[in-house]
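Report on the following structure.
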Amino acid sequence: MEETLGSTNTSTKRQWIAEQAREHPERVFTSLHHLIDIDWMLEAYRPTRKDGATGIDGVTAADYEKDLRANLEDLLERIKSGRYFAPPVRRHYIPKADGRKRPLGIPTFEDKVVQRAIVMILEPIYETDFLPCSYGFRPGRSAHDALDALRNGIMEQRLRWVIDADLARYFDSIPHSHLRSFLDLRIKDGVVRRMLDKWLKAGVLDQGVLQRSETGTPQGGVVSPLLSNVFLHYVLDKWFEAHPRRRSASRQRQAKYGPRPRSLCARTSGSRHASLQGPSEGPPRTRDAR
């Protein structure tokens, strides 16, 4: 019964956040962390994968569960007080088919729970902002949905050109300065932003050597896909949405799954070609909406 009440309480809070974001699309949220309580932390813990590899501390999910409520209460206090330390992710390599090795980042179990808690705050806001062309790493959306959108564009709108792009090393190359500026457009809660900054600065522990960078999102964590979608929303999706009206007379449609955008376009009568020119560098200017 207690678990059900906690889930309902958290769900109601998330619905309220979504309603506020939907009704006030220009609003900058400055106070969200007060919504995070022990029920919120329990909800963040439940979907966290329990059988994954351990991070740099070697703590398993079973170890953490031995005194779960006390651990989560202590974790909650550290988040709100600013004492939480974001540990670097552990680098692990797995072999690829071509003989090379693919690097993976493995956070600690506790860090996965914290990231889930922050994602639960941010997701209701950005799910109201993200455009319909975005499918990757979003609840209720999949690669199959993106393919269906492309099929509909071909069959129903008679779009014939398909442009398939892959943003190489995308998750490793997102500039932190621009990402922070994009976050400023919606999120200025001090506790939430401090947590995000800690993950951006945490770095990677590779064979005992700590590596930090001014680019990239936290490897292996649940917050990374959301942050990557925020960045793409401003630098690609919003630009593409406005592009046909501003620069060409062609019909165009995009279906994007993470850093793999696919675009359809077709010439209208009188247009000789469809020009695709990338967005200018740098984030837009920010303005608080109180």
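Chains: A, B, ... in order of the structure tokens. Residues: from 1 per chain. Ligands: from 1, in order shown.
Residues in contact range of Ile94 in chain A, defined as at most 9 Å between only C-alpha atoms, with sequence neighbours fewer than 3 positions away removed, read Arg100, Lys101, Arg102, Pro103 and Leu104 of chain A.
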Item to check | DSSP helix (DSSP H, G or I) residues within range 140-258 of chain A, as a VMD selection string | outcome: chain A and resid 143 to 155 170 to 173 176 to 184 190 to 202 223 to 247
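Of the listed residues A:Arg194, A:Arg83, A:His178, A:Lys188, the one whose atoms come nearest to Leu232 in chain A is A:His178, with distances taken using only C-alpha atoms.
Take CA of Val89 in chain A and CA of Tyr126 in chain A: the distance between them is 25.5 Å.
Closest approach to Thr128 in chain A from the set A:Ile17, A:Leu179, A:Ala53, A:Val28 is made by A:Ile17, with distances taken over only C-alpha atoms.
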Can you tell me, as a short mmCIF file (atom, residue, chain, number, x, y, z; two decimals) with N, CA, C and O atoms, in the first residue's frame, what residues are no more than 12 Å from Lys13 in chain A when counting only C-alpha atoms, ignoring any on the same chain fewer than 2 positions away?
data_model
loop_
_atom_site.label_atom_id
_atom_site.label_comp_id
_atom_site.auth_asym_id
_atom_site.auth_seq_id
_atom_site.Cartn_x
_atom_site.Cartn_y
_atom_site.Cartn_z
N GLY A 6 3.25 6.00 -2.77
CA GLY A 6 4.46 6.71 -3.19
C GLY A 6 4.51 6.89 -4.69
O GLY A 6 4.87 7.97 -5.18
N SER A 7 4.14 5.84 -5.43
CA SER A 7 4.13 5.92 -6.88
C SER A 7 3.12 6.96 -7.37
O SER A 7 3.39 7.73 -8.29
N THR A 8 1.94 6.97 -6.73
CA THR A 8 0.90 7.93 -7.11
C THR A 8 1.35 9.35 -6.83
O THR A 8 1.14 10.26 -7.64
N ASN A 9 1.98 9.56 -5.68
CA ASN A 9 2.47 10.88 -5.30
C ASN A 9 3.49 11.40 -6.31
O ASN A 9 3.42 12.54 -6.77
N THR A 10 4.43 10.54 -6.69
CA THR A 10 5.47 10.93 -7.65
C THR A 10 4.86 11.18 -9.02
O THR A 10 5.22 12.15 -9.71
N SER A 11 3.94 10.33 -9.44
CA SER A 11 3.29 10.50 -10.74
C SER A 11 2.52 11.82 -10.80
O SER A 11 2.55 12.52 -11.82
N GLN A 15 3.17 14.91 -13.41
CA GLN A 15 2.09 15.45 -14.24
C GLN A 15 1.99 16.96 -14.08
O GLN A 15 1.76 17.69 -15.05
N TRP A 16 2.17 17.43 -12.84
CA TRP A 16 2.12 18.88 -12.59
C TRP A 16 3.26 19.59 -13.33
O TRP A 16 3.05 20.65 -13.93
N ILE A 17 4.46 19.00 -13.30
CA ILE A 17 5.59 19.60 -14.01
C ILE A 17 5.27 19.69 -15.50
O ILE A 17 5.50 20.72 -16.14
N ALA A 18 4.74 18.60 -16.05
CA ALA A 18 4.41 18.58 -17.49
C ALA A 18 3.36 19.63 -17.82
O ALA A 18 3.46 20.32 -18.85
N GLU A 19 2.36 19.79 -16.97
CA GLU A 19 1.31 20.79 -17.22
C GLU A 19 1.90 22.20 -17.20
O GLU A 19 1.55 23.03 -18.04
N GLN A 20 2.78 22.47 -16.24
CA GLN A 20 3.41 23.78 -16.17
C GLN A 20 4.25 24.06 -17.41
O GLN A 20 4.25 25.15 -17.96
N LEU A 32 12.58 23.29 -8.51
CA LEU A 32 12.05 21.96 -8.76
C LEU A 32 12.51 20.93 -7.73
O LEU A 32 11.82 19.94 -7.47
N HIS A 33 13.68 21.16 -7.14
CA HIS A 33 14.28 20.12 -6.31
C HIS A 33 13.45 19.79 -5.07
O HIS A 33 13.58 18.70 -4.51
N HIS A 34 12.57 20.72 -4.65
CA HIS A 34 11.77 20.45 -3.46
C HIS A 34 10.77 19.31 -3.70
O HIS A 34 10.24 18.73 -2.75
N LEU A 35 10.53 18.98 -4.97
CA LEU A 35 9.62 17.88 -5.29
C LEU A 35 10.25 16.52 -5.03
O LEU A 35 9.55 15.51 -4.90
N ILE A 36 11.57 16.47 -4.94
CA ILE A 36 12.26 15.19 -4.73
C ILE A 36 12.22 14.84 -3.25
O ILE A 36 12.75 15.55 -2.41
N ASP A 37 11.57 13.71 -2.94
CA ASP A 37 11.51 13.22 -1.56
C ASP A 37 11.85 11.73 -1.57
O ASP A 37 12.29 11.18 -2.58
N ASP A 39 9.93 9.13 -1.50
CA ASP A 39 9.11 8.38 -2.46
C ASP A 39 9.67 8.54 -3.87
O ASP A 39 9.68 7.59 -4.66
N TRP A 40 10.12 9.74 -4.18
CA TRP A 40 10.71 10.01 -5.50
C TRP A 40 11.96 9.16 -5.70
O TRP A 40 12.17 8.57 -6.76
N MET A 120 13.82 12.12 -14.00
CA MET A 120 12.39 12.16 -13.70
C MET A 120 11.89 13.59 -13.51
O MET A 120 10.71 13.87 -13.72
N ILE A 121 12.78 14.50 -13.12
CA ILE A 121 12.43 15.92 -13.00
C ILE A 121 12.42 16.58 -14.38
O ILE A 121 11.51 17.34 -14.73
N LEU A 122 13.44 16.29 -15.18
CA LEU A 122 13.62 16.98 -16.45
C LEU A 122 12.72 16.45 -17.57
O LEU A 122 12.27 17.21 -18.43
N PRO A 124 9.54 15.41 -17.89
CA PRO A 124 8.22 15.99 -18.18
C PRO A 124 8.31 17.35 -18.86
O PRO A 124 7.40 17.72 -19.62
N ILE A 125 9.36 18.09 -18.61
CA ILE A 125 9.53 19.41 -19.24
C ILE A 125 9.92 19.24 -20.70
O ILE A 125 9.28 19.80 -21.60
#
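In this structure, CA of Ala61 in chain A sits 17.4 Å away from CA of Gly105 in chain A.
Secondary structure by DSSP on the backbone puts the following residues of range 59-140 of chain A in strand (DSSP E): Val89, Arg90, Arg91, His92, Tyr93, Ile94, Pro95, Lys101, Arg102, Pro103, Leu104, Gly105 and Ile106 of chain A.
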Checklist entry - Leaving out range 55-58 of chain A and any residue of its chain fewer than 5 positions from it, which residues lie within 7 Å of it when counting only C-alpha atoms, given as a PyMOL selection string? => result chain A and resi 89-90+106-109
Item to check | Å distance separating CA of His24 in chain A from CA of Phe130 in chain A, one decimal place | outcome: 14.5 Å
